[in-house]
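Visitor: My file is upload_19.csv. It has CSV, N, CA and C atoms:
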chain,number,residue,atom,x,y,z
Y,1,MET,N,133.5,71.3,59.3
Y,1,MET,CA,133.8,72.3,60.3
Y,1,MET,C,135.3,72.7,60.2
Y,2,ILE,N,135.6,73.9,60.5
Y,2,ILE,CA,136.9,74.5,60.3
Y,2,ILE,C,138.0,73.7,61.1
Y,3,LYS,N,137.6,73.3,62.3
Y,3,LYS,CA,138.6,72.6,63.2
Y,3,LYS,C,139.1,71.3,62.5
Y,4,GLU,N,138.2,70.5,61.9
Y,4,GLU,CA,138.6,69.3,61.2
Y,4,GLU,C,139.5,69.6,60.0
Y,5,GLU,N,139.1,70.7,59.2
Y,5,GLU,CA,139.8,71.1,58.0
Y,5,GLU,C,141.3,71.5,58.4
Y,6,VAL,N,141.4,72.3,59.4
Y,6,VAL,CA,142.7,72.8,59.8
Y,6,VAL,C,143.5,71.6,60.4
Y,7,LYS,N,142.9,70.7,61.1
Y,7,LYS,CA,143.6,69.5,61.7
Y,7,LYS,C,144.1,68.7,60.5
Y,8,ALA,N,143.4,68.5,59.5
Y,8,ALA,CA,143.8,67.7,58.3
Y,8,ALA,C,145.0,68.4,57.6
Y,9,LEU,N,145.0,69.7,57.6
Y,9,LEU,CA,146.1,70.4,57.0
Y,9,LEU,C,147.4,70.3,57.8
Y,10,LEU,N,147.2,70.4,59.1
Y,10,LEU,CA,148.3,70.2,60.0
Y,10,LEU,C,148.9,68.8,59.9
Y,11,GLU,N,148.0,67.8,59.8
Y,11,GLU,CA,148.5,66.4,59.6
Y,11,GLU,C,149.3,66.3,58.3
Y,12,GLU,N,148.8,67.0,57.2
Y,12,GLU,CA,149.4,66.9,55.9
Y,12,GLU,C,150.8,67.6,56.1
Y,13,TYR,N,150.9,68.7,56.8
Y,13,TYR,CA,152.2,69.3,57.1
Y,13,TYR,C,153.1,68.3,57.8
Y,14,LEU,N,152.6,67.7,58.9
Y,14,LEU,CA,153.5,66.9,59.7
Y,14,LEU,C,153.9,65.6,59.0
Y,15,ASP,N,153.2,65.2,58.0
Y,15,ASP,CA,153.6,64.0,57.2
Y,15,ASP,C,154.8,64.3,56.3
Y,16,ALA,N,155.0,65.6,56.0
Y,16,ALA,CA,156.2,65.9,55.1
Y,16,ALA,C,156.6,67.3,55.4
Y,17,PRO,N,157.1,67.6,56.6
Y,17,PRO,CA,157.5,69.0,56.9
Y,17,PRO,C,158.6,69.6,56.0
Y,18,GLU,N,159.4,68.7,55.5
Y,18,GLU,CA,160.5,69.1,54.6
Y,18,GLU,C,160.0,69.7,53.3
Y,19,ALA,N,158.8,69.4,52.9
Y,19,ALA,CA,158.2,69.9,51.7
Y,19,ALA,C,157.8,71.4,51.8
Y,20,TRP,N,157.8,71.9,52.9
Y,20,TRP,CA,157.3,73.3,53.2
Y,20,TRP,C,158.4,74.2,53.7
Y,21,SER,N,158.3,75.5,53.5
Y,21,SER,CA,159.2,76.4,54.0
Y,21,SER,C,159.0,76.6,55.5
Y,22,ASP,N,160.0,77.3,56.2
Y,22,ASP,CA,159.9,77.5,57.6
Y,22,ASP,C,158.7,78.5,58.0
Y,23,ASN,N,158.2,79.2,57.0
Y,23,ASN,CA,157.1,80.2,57.2
Y,23,ASN,C,155.8,79.7,56.7
Y,24,VAL,N,155.5,78.5,56.6
Y,24,VAL,CA,154.2,78.0,56.1
Y,24,VAL,C,153.1,78.4,57.1
Y,25,MET,N,152.0,78.7,56.5
Y,25,MET,CA,150.8,79.2,57.3
Y,25,MET,C,149.6,78.5,56.9
Y,26,ILE,N,148.6,78.6,57.7
Y,26,ILE,CA,147.2,78.1,57.4
Y,26,ILE,C,146.5,79.4,56.9
Y,27,GLU,N,146.0,79.4,55.7
Y,27,GLU,CA,145.2,80.5,55.2
Y,27,GLU,C,143.7,80.1,55.3
Y,28,VAL,N,143.0,81.1,55.9
Y,28,VAL,CA,141.5,80.9,56.1
Y,28,VAL,C,140.8,82.0,55.5
Y,29,ASP,N,139.8,81.7,54.6
Y,29,ASP,CA,139.0,82.7,54.1
Y,29,ASP,C,137.8,82.9,55.1
Y,30,PRO,N,137.8,84.1,55.7
Y,30,PRO,CA,136.8,84.2,56.8
Y,30,PRO,C,135.3,84.3,56.3
Y,31,GLN,N,135.1,84.5,55.0
Y,31,GLN,CA,133.8,84.4,54.4
Y,31,GLN,C,133.3,83.0,54.2
Y,32,THR,N,134.1,82.2,53.7
Y,32,THR,CA,133.7,80.8,53.3
Y,32,THR,C,134.2,79.7,54.2
Y,33,LEU,N,135.3,80.1,55.1
Y,33,LEU,CA,136.0,79.2,56.0
Y,33,LEU,C,136.8,78.1,55.2
Y,34,ASP,N,137.0,78.4,53.9
Y,34,ASP,CA,137.9,77.5,53.1
Y,34,ASP,C,139.3,77.7,53.7
Y,35,CYS,N,140.1,76.6,53.8
Y,35,CYS,CA,141.4,76.6,54.3
Y,35,CYS,C,142.4,75.9,53.4
Y,36,ARG,N,143.7,76.4,53.5
Y,36,ARG,CA,144.7,75.7,52.8
Y,36,ARG,C,146.0,76.0,53.4
Y,37,LEU,N,147.0,75.2,53.1
Y,37,LEU,CA,148.4,75.5,53.5
Y,37,LEU,C,148.9,76.6,52.6
Y,38,TYR,N,149.5,77.6,53.2
Y,38,TYR,CA,150.0,78.7,52.4
Y,38,TYR,C,151.5,78.8,52.6
Y,39,ASP,N,152.2,78.8,51.5
Y,39,ASP,CA,153.6,78.7,51.5
Y,39,ASP,C,154.2,79.6,50.4
Y,40,GLU,N,153.7,80.8,50.2
Y,40,GLU,CA,154.1,81.7,49.2
Y,40,GLU,C,154.9,82.9,49.8
Y,41,ASP,N,156.1,83.1,49.2
Y,41,ASP,CA,157.0,84.1,49.7
Y,41,ASP,C,156.7,85.5,49.2
Y,42,ASP,N,156.1,85.6,48.0
Y,42,ASP,CA,156.0,86.9,47.3
Y,42,ASP,C,154.6,87.6,47.5
Y,43,ALA,N,153.7,87.0,48.3
Y,43,ALA,CA,152.4,87.6,48.4
Y,43,ALA,C,152.4,88.6,49.7
Y,44,ASP,N,151.6,89.6,49.6
Y,44,ASP,CA,151.5,90.5,50.7
Y,44,ASP,C,150.3,90.1,51.6
Y,45,ILE,N,150.5,89.4,52.6
Y,45,ILE,CA,149.4,88.9,53.5
Y,45,ILE,C,148.8,90.0,54.3
Y,46,GLU,N,149.5,91.1,54.5
Y,46,GLU,CA,148.9,92.2,55.2
Y,46,GLU,C,147.8,92.9,54.4
Y,47,ALA,N,147.9,92.8,53.1
Y,47,ALA,CA,146.9,93.5,52.3
Y,47,ALA,C,145.8,92.5,51.9
Y,48,SER,N,145.9,91.2,52.3
Y,48,SER,CA,144.9,90.2,51.9
Y,48,SER,C,143.7,90.3,52.8
Y,49,ASP,N,142.6,89.8,52.2
Y,49,ASP,CA,141.3,89.8,53.0
Y,49,ASP,C,141.2,88.4,53.7
Y,50,LYS,N,142.2,87.6,53.6
Y,50,LYS,CA,142.2,86.3,54.3
Y,50,LYS,C,142.9,86.4,55.6
Y,51,ASP,N,142.7,85.4,56.5
Y,51,ASP,CA,143.4,85.3,57.7
Y,51,ASP,C,144.5,84.3,57.6
Y,52,TYR,N,145.6,84.5,58.3
Y,52,TYR,CA,146.8,83.6,58.3
Y,52,TYR,C,147.2,83.2,59.7
Y,53,TRP,N,147.5,82.0,59.9
Y,53,TRP,CA,147.9,81.4,61.2
Y,53,TRP,C,149.2,80.6,60.9
Y,54,GLU,N,150.2,81.0,61.7
Y,54,GLU,CA,151.5,80.3,61.5
Y,54,GLU,C,151.3,78.8,61.9
Y,55,VAL,N,151.8,77.9,61.1
Y,55,VAL,CA,151.7,76.5,61.4
Y,55,VAL,C,152.4,76.1,62.7
Y,56,MET,N,153.5,76.7,62.9
Y,56,MET,CA,154.3,76.4,64.1
Y,56,MET,C,153.6,76.9,65.4
Y,57,ASP,N,152.7,77.8,65.3
Y,57,ASP,CA,152.0,78.3,66.5
Y,57,ASP,C,150.9,77.3,66.8
Y,58,LEU,N,150.6,76.4,65.9
Y,58,LEU,CA,149.5,75.4,66.1
Y,58,LEU,C,150.1,74.0,66.4
Y,59,LEU,N,151.4,73.9,66.6
Y,59,LEU,CA,152.1,72.7,66.9
Y,59,LEU,C,152.8,72.8,68.3
Y,60,SER,N,153.1,71.7,68.9
Y,60,SER,CA,153.9,71.7,70.1
Y,60,SER,C,154.8,70.4,70.1
Y,61,MET,N,155.9,70.5,70.8
Y,61,MET,CA,156.8,69.3,70.9
Y,61,MET,C,156.1,68.2,71.7
Y,62,SER,N,156.2,67.0,71.2
Y,62,SER,CA,155.6,65.9,71.9
Y,62,SER,C,156.3,65.6,73.3
Y,63,VAL,N,155.5,65.4,74.3
Y,63,VAL,CA,156.1,65.1,75.6
Y,63,VAL,C,156.5,63.6,75.6
Y,64,ASP,N,155.8,62.8,75.0
Y,64,ASP,CA,156.0,61.3,75.0
Y,64,ASP,C,157.2,60.9,74.0
Y,65,ASP,N,157.3,61.8,72.9
Y,65,ASP,CA,158.3,61.4,71.9
Y,65,ASP,C,159.1,62.7,71.6
Y,66,PRO,N,160.1,63.1,72.4
Y,66,PRO,CA,160.8,64.3,72.2
Y,66,PRO,C,161.4,64.3,70.8
Y,67,GLY,N,161.4,65.5,70.2
Y,67,GLY,CA,161.9,65.6,68.8
Y,67,GLY,C,160.8,65.5,67.8
Y,68,ARG,N,159.6,65.2,68.2
Y,68,ARG,CA,158.5,65.0,67.3
Y,68,ARG,C,157.5,66.1,67.6
Y,69,TRP,N,157.0,66.7,66.5
Y,69,TRP,CA,155.9,67.8,66.6
Y,69,TRP,C,154.6,67.1,66.6
Y,70,GLU,N,153.6,67.7,67.3
Y,70,GLU,CA,152.2,67.2,67.3
Y,70,GLU,C,151.3,68.4,67.3
Y,71,ILE,N,150.1,68.2,67.0
Y,71,ILE,CA,149.1,69.3,66.9
Y,71,ILE,C,148.8,69.7,68.4
Y,72,ASP,N,148.9,71.0,68.6
Y,72,ASP,CA,148.5,71.6,69.9
Y,72,ASP,C,147.0,71.8,69.9
Y,73,ARG,N,146.3,71.0,70.7
Y,73,ARG,CA,144.9,71.0,70.7
Y,73,ARG,C,144.3,72.3,71.2
Y,74,ASP,N,145.0,72.9,72.2
Y,74,ASP,CA,144.5,74.2,72.7
Y,74,ASP,C,144.6,75.3,71.6
Y,75,ALA,N,145.7,75.3,70.9
Y,75,ALA,CA,145.8,76.3,69.8
Y,75,ALA,C,144.8,76.0,68.7
Y,76,LEU,N,144.6,74.8,68.4
Y,76,LEU,CA,143.6,74.5,67.4
Y,76,LEU,C,142.2,74.9,67.8
Y,77,ASP,N,141.9,74.7,69.1
Y,77,ASP,CA,140.6,75.1,69.6
Y,77,ASP,C,140.4,76.6,69.6
Y,78,GLU,N,141.5,77.3,69.9
Y,78,GLU,CA,141.5,78.8,69.8
Y,78,GLU,C,141.3,79.3,68.4
Y,79,LEU,N,141.9,78.7,67.4
Y,79,LEU,CA,141.7,79.0,66.0
Y,79,LEU,C,140.2,78.8,65.7
Y,80,ALA,N,139.7,77.6,66.0
Y,80,ALA,CA,138.3,77.3,65.7
Y,80,ALA,C,137.3,78.3,66.3
Y,81,ALA,N,137.6,78.7,67.6
Y,81,ALA,CA,136.7,79.6,68.3
Y,81,ALA,C,136.7,80.9,67.6
Y,82,SER,N,137.7,81.3,66.9
Y,82,SER,CA,137.8,82.6,66.2
Y,82,SER,C,136.7,82.7,65.1
Y,83,TYR,N,136.2,81.5,64.7
Y,83,TYR,CA,135.3,81.5,63.6
Y,83,TYR,C,133.9,80.9,64.0
Y,84,GLN,N,133.7,80.8,65.3
Y,84,GLN,CA,132.6,80.1,65.9
Y,84,GLN,C,131.2,80.7,65.4
Y,85,TYR,N,131.2,82.0,65.3
Y,85,TYR,CA,129.9,82.7,65.0
Y,85,TYR,C,129.8,83.1,63.5
Y,86,GLN,N,130.7,82.6,62.7
Y,86,GLN,CA,130.6,83.0,61.3
Y,86,GLN,C,129.9,81.9,60.5
So that I can check it, write out the structure of this file as structure tokens.
Guide:
Amino acid sequence: MIKEEVKALLEEYLDAPEAWSDNVMIEVDPQTLDCRLYDEDDADIEASDKDYWEVMDLLSMSVDDPGRWEIDRDALDELAASYQYQ
């Protein structure tokens, strides 16, 4: 299911955020629901047939541990709901 795949990608990002640029995104193929972390500067995402979600829009600052990012469950649910009927 897409929610688990995206959650795993976000966890991968959170394990080593320094390995990614500030503009890293989740790329979703709406036909197959295949997902990956997308960190390419030279591609034209506007012309792509894939969907892109900014990683930072799917994270929030931890209330219990200020300074630490965590997965925003509501944002993840919203992303998953976008593909519910596909």
Visitor: So the first atom is atom N of Y:Asp29 and the second is atom C of Y:Glu70; what is the distance between them in Å, to one decimal place?
Guide: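 Computed distance, atom N of Y:Asp29 to atom C of Y:Glu70, equals 21.7 Å.
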Visitor: Which is closest to Y:Asp22 among Y:Ser82, Y:Val55, Y:Ala8, Y:Arg73, if we use all atoms listed in the file?
Guide: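 That would be Y:Val55, the residue with the smallest distance to Y:Asp22.
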Visitor: Considering all atoms listed in the file, can you say which of Y:Glu18, Y:Glu4, Y:Glu11, Y:Glu27 comes closest to Y:Lys50?
Guide: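 Smallest separation from Y:Lys50 among the options: Y:Glu27.
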Visitor: How many Å separate atom C of Y:Tyr13 from atom CA of Y:Asp57?
Guide: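 Those two atoms sit 13.3 Å apart.
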Visitor: Any idea what's packed within 10 Å of Y:Asp34, counting only C-alpha atoms, ignoring anything in its chain fewer than 3 positions away? Could you give it as a ChimeraX atom specification?
Guide: /Y:1-2,5-6,27-31,50
Visitor: From a DSSP calculation on the backbone, collect every residue of chain Y in strand (DSSP E) and output the set as a list in words.
Guide: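 Written out, the strand (DSSP E) residues of chain Y are Met25, Ile26, Glu27, Val28, Cys35, Arg36, Leu37, Tyr38, Asp51, Tyr52, Trp53, Glu54, Leu59, Ser60, Met61, Trp69, Glu70 and Ile71 of chain Y.
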Visitor: Do you have the atom CA of Y:Ile71-atom CA of Y:Asp39 distance handy?
Guide: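 The value is 18.6 Å.
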Visitor: Just asking: which residues within chain Y are helix (DSSP H, G or I) according to DSSP, as a ChimeraX atom specification?
Guide: /Y:2-15,17-19,45-47,55-58,73-81
Visitor: Let me see the file: selected residues, N, CA and C atoms, as a compact mmCIF listing (two decimals), keeping the file's coordinate frame.
Guide:
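File written: out.txt
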# COMPACT_ATOMS: atom_id res chain seq x y z
N ILE Y 2 135.60 73.90 60.50
CA ILE Y 2 136.90 74.50 60.30
C ILE Y 2 138.00 73.70 61.10
N LYS Y 3 137.60 73.30 62.30
CA LYS Y 3 138.60 72.60 63.20
C LYS Y 3 139.10 71.30 62.50
N GLU Y 4 138.20 70.50 61.90
CA GLU Y 4 138.60 69.30 61.20
C GLU Y 4 139.50 69.60 60.00
N GLU Y 5 139.10 70.70 59.20
CA GLU Y 5 139.80 71.10 58.00
C GLU Y 5 141.30 71.50 58.40
N VAL Y 6 141.40 72.30 59.40
CA VAL Y 6 142.70 72.80 59.80
C VAL Y 6 143.50 71.60 60.40
N LYS Y 7 142.90 70.70 61.10
CA LYS Y 7 143.60 69.50 61.70
C LYS Y 7 144.10 68.70 60.50
N ALA Y 8 143.40 68.50 59.50
CA ALA Y 8 143.80 67.70 58.30
C ALA Y 8 145.00 68.40 57.60
N LEU Y 9 145.00 69.70 57.60
CA LEU Y 9 146.10 70.40 57.00
C LEU Y 9 147.40 70.30 57.80
N LEU Y 10 147.20 70.40 59.10
CA LEU Y 10 148.30 70.20 60.00
C LEU Y 10 148.90 68.80 59.90
N GLU Y 11 148.00 67.80 59.80
CA GLU Y 11 148.50 66.40 59.60
C GLU Y 11 149.30 66.30 58.30
N GLU Y 12 148.80 67.00 57.20
CA GLU Y 12 149.40 66.90 55.90
C GLU Y 12 150.80 67.60 56.10
N TYR Y 13 150.90 68.70 56.80
CA TYR Y 13 152.20 69.30 57.10
C TYR Y 13 153.10 68.30 57.80
N LEU Y 14 152.60 67.70 58.90
CA LEU Y 14 153.50 66.90 59.70
C LEU Y 14 153.90 65.60 59.00
N ASP Y 15 153.20 65.20 58.00
CA ASP Y 15 153.60 64.00 57.20
C ASP Y 15 154.80 64.30 56.30
N PRO Y 17 157.10 67.60 56.60
CA PRO Y 17 157.50 69.00 56.90
C PRO Y 17 158.60 69.60 56.00
N GLU Y 18 159.40 68.70 55.50
CA GLU Y 18 160.50 69.10 54.60
C GLU Y 18 160.00 69.70 53.30
N ALA Y 19 158.80 69.40 52.90
CA ALA Y 19 158.20 69.90 51.70
C ALA Y 19 157.80 71.40 51.80
N ILE Y 45 150.50 89.40 52.60
CA ILE Y 45 149.40 88.90 53.50
C ILE Y 45 148.80 90.00 54.30
N GLU Y 46 149.50 91.10 54.50
CA GLU Y 46 148.90 92.20 55.20
C GLU Y 46 147.80 92.90 54.40
N ALA Y 47 147.90 92.80 53.10
CA ALA Y 47 146.90 93.50 52.30
C ALA Y 47 145.80 92.50 51.90
N VAL Y 55 151.80 77.90 61.10
CA VAL Y 55 151.70 76.50 61.40
C VAL Y 55 152.40 76.10 62.70
N MET Y 56 153.50 76.70 62.90
CA MET Y 56 154.30 76.40 64.10
C MET Y 56 153.60 76.90 65.40
N ASP Y 57 152.70 77.80 65.30
CA ASP Y 57 152.00 78.30 66.50
C ASP Y 57 150.90 77.30 66.80
N LEU Y 58 150.60 76.40 65.90
CA LEU Y 58 149.50 75.40 66.10
C LEU Y 58 150.10 74.00 66.40
N ARG Y 73 146.30 71.00 70.70
CA ARG Y 73 144.90 71.00 70.70
C ARG Y 73 144.30 72.30 71.20
N ASP Y 74 145.00 72.90 72.20
CA ASP Y 74 144.50 74.20 72.70
C ASP Y 74 144.60 75.30 71.60
N ALA Y 75 145.70 75.30 70.90
CA ALA Y 75 145.80 76.30 69.80
C ALA Y 75 144.80 76.00 68.70
N LEU Y 76 144.60 74.80 68.40
CA LEU Y 76 143.60 74.50 67.40
C LEU Y 76 142.20 74.90 67.80
N ASP Y 77 141.90 74.70 69.10
CA ASP Y 77 140.60 75.10 69.60
C ASP Y 77 140.40 76.60 69.60
N GLU Y 78 141.50 77.30 69.90
CA GLU Y 78 141.50 78.80 69.80
C GLU Y 78 141.30 79.30 68.40
N LEU Y 79 141.90 78.70 67.40
CA LEU Y 79 141.70 79.00 66.00
C LEU Y 79 140.20 78.80 65.70
N ALA Y 80 139.70 77.60 66.00
CA ALA Y 80 138.30 77.30 65.70
C ALA Y 80 137.30 78.30 66.30
N ALA Y 81 137.60 78.70 67.60
CA ALA Y 81 136.70 79.60 68.30
C ALA Y 81 136.70 80.90 67.60
Visitor: Would you pick out the contacts of Y:Leu79 at 10 Å or less, using only C-alpha atoms, so that residues sharing its chain but fewer than 2 positions from it are not included, and give the list as a VMD selection string?
Guide: chain Y and resid 2 to 3 6 53 58 73 to 77 81 to 84
Visitor: Put stretch 22-57 of chain Y into a file with N, CA and C atoms, as a CSV table (one decimal), in the first residue's frame.
Guide:
chain,number,residue,atom,x,y,z
Y,22,ASP,N,18.0,20.1,-0.1
Y,22,ASP,CA,16.9,20.7,0.6
Y,22,ASP,C,15.6,20.6,-0.2
Y,23,ASN,N,15.6,20.2,-1.4
Y,23,ASN,CA,14.4,20.1,-2.3
Y,23,ASN,C,14.0,18.7,-2.6
Y,24,VAL,N,14.4,17.7,-1.8
Y,24,VAL,CA,14.1,16.3,-2.0
Y,24,VAL,C,12.6,16.1,-2.0
Y,25,MET,N,12.1,15.3,-2.8
Y,25,MET,CA,10.6,15.0,-3.0
Y,25,MET,C,10.4,13.5,-3.0
Y,26,ILE,N,9.1,13.2,-2.8
Y,26,ILE,CA,8.6,11.8,-3.0
Y,26,ILE,C,8.0,11.8,-4.4
Y,27,GLU,N,8.5,10.9,-5.2
Y,27,GLU,CA,8.0,10.8,-6.6
Y,27,GLU,C,7.0,9.6,-6.6
Y,28,VAL,N,5.8,9.8,-7.1
Y,28,VAL,CA,4.8,8.7,-7.2
Y,28,VAL,C,4.4,8.6,-8.6
Y,29,ASP,N,4.4,7.4,-9.1
Y,29,ASP,CA,3.9,7.1,-10.4
Y,29,ASP,C,2.4,6.8,-10.2
Y,30,PRO,N,1.5,7.6,-10.7
Y,30,PRO,CA,0.1,7.4,-10.4
Y,30,PRO,C,-0.5,6.2,-11.1
Y,31,GLN,N,0.2,5.7,-12.1
Y,31,GLN,CA,-0.3,4.5,-12.7
Y,31,GLN,C,0.0,3.2,-12.0
Y,32,THR,N,1.2,3.1,-11.4
Y,32,THR,CA,1.7,1.9,-10.7
Y,32,THR,C,1.8,2.1,-9.2
Y,33,LEU,N,1.7,3.3,-8.7
Y,33,LEU,CA,1.9,3.7,-7.3
Y,33,LEU,C,3.3,3.4,-6.8
Y,34,ASP,N,4.3,3.2,-7.8
Y,34,ASP,CA,5.7,3.0,-7.4
Y,34,ASP,C,6.1,4.4,-6.8
Y,35,CYS,N,7.0,4.4,-5.8
Y,35,CYS,CA,7.4,5.6,-5.1
Y,35,CYS,C,8.9,5.5,-5.0
Y,36,ARG,N,9.5,6.7,-4.9
Y,36,ARG,CA,11.0,6.8,-4.6
Y,36,ARG,C,11.3,8.2,-4.1
Y,37,LEU,N,12.4,8.3,-3.5
Y,37,LEU,CA,12.9,9.6,-3.1
Y,37,LEU,C,13.5,10.3,-4.4
Y,38,TYR,N,13.1,11.5,-4.6
Y,38,TYR,CA,13.5,12.2,-5.9
Y,38,TYR,C,14.4,13.4,-5.5
Y,39,ASP,N,15.6,13.4,-6.0
Y,39,ASP,CA,16.5,14.4,-5.6
Y,39,ASP,C,17.3,14.9,-6.8
Y,40,GLU,N,16.7,15.2,-7.9
Y,40,GLU,CA,17.4,15.5,-9.1
Y,40,GLU,C,17.1,17.0,-9.4
Y,41,ASP,N,18.1,17.8,-9.7
Y,41,ASP,CA,18.0,19.2,-9.9
Y,41,ASP,C,17.7,19.5,-11.4
Y,42,ASP,N,18.1,18.7,-12.3
Y,42,ASP,CA,18.0,19.1,-13.7
Y,42,ASP,C,16.7,18.6,-14.4
Y,43,ALA,N,15.8,17.9,-13.8
Y,43,ALA,CA,14.6,17.3,-14.4
Y,43,ALA,C,13.5,18.4,-14.3
Y,44,ASP,N,12.6,18.3,-15.3
Y,44,ASP,CA,11.5,19.2,-15.4
Y,44,ASP,C,10.3,18.5,-14.8
Y,45,ILE,N,10.0,18.6,-13.5
Y,45,ILE,CA,8.9,17.9,-12.9
Y,45,ILE,C,7.5,18.4,-13.4
Y,46,GLU,N,7.5,19.6,-14.0
Y,46,GLU,CA,6.2,20.1,-14.5
Y,46,GLU,C,5.8,19.3,-15.7
Y,47,ALA,N,6.7,18.9,-16.5
Y,47,ALA,CA,6.4,18.1,-17.7
Y,47,ALA,C,6.3,16.6,-17.5
Y,48,SER,N,6.6,16.2,-16.3
Y,48,SER,CA,6.5,14.8,-15.9
Y,48,SER,C,5.1,14.2,-15.8
Y,49,ASP,N,5.0,12.9,-16.0
Y,49,ASP,CA,3.7,12.3,-15.8
Y,49,ASP,C,3.5,11.7,-14.4
Y,50,LYS,N,4.5,12.0,-13.6
Y,50,LYS,CA,4.5,11.5,-12.2
Y,50,LYS,C,4.1,12.6,-11.3
Y,51,ASP,N,3.7,12.3,-10.1
Y,51,ASP,CA,3.4,13.2,-9.0
Y,51,ASP,C,4.5,13.4,-8.1
Y,52,TYR,N,4.7,14.6,-7.6
Y,52,TYR,CA,5.8,15.0,-6.7
Y,52,TYR,C,5.2,15.6,-5.4
Y,53,TRP,N,5.7,15.1,-4.3
Y,53,TRP,CA,5.3,15.7,-2.9
Y,53,TRP,C,6.6,16.1,-2.2
Y,54,GLU,N,6.7,17.3,-1.8
Y,54,GLU,CA,7.8,17.8,-1.0
Y,54,GLU,C,8.0,17.0,0.3
Y,55,VAL,N,9.1,16.5,0.6
Y,55,VAL,CA,9.4,15.7,1.8
Y,55,VAL,C,9.1,16.6,3.0
Y,56,MET,N,9.5,17.8,3.0
Y,56,MET,CA,9.3,18.7,4.2
Y,56,MET,C,7.8,19.0,4.5
Y,57,ASP,N,7.0,18.8,3.4
Y,57,ASP,CA,5.5,19.0,3.6
Y,57,ASP,C,4.9,17.8,4.3
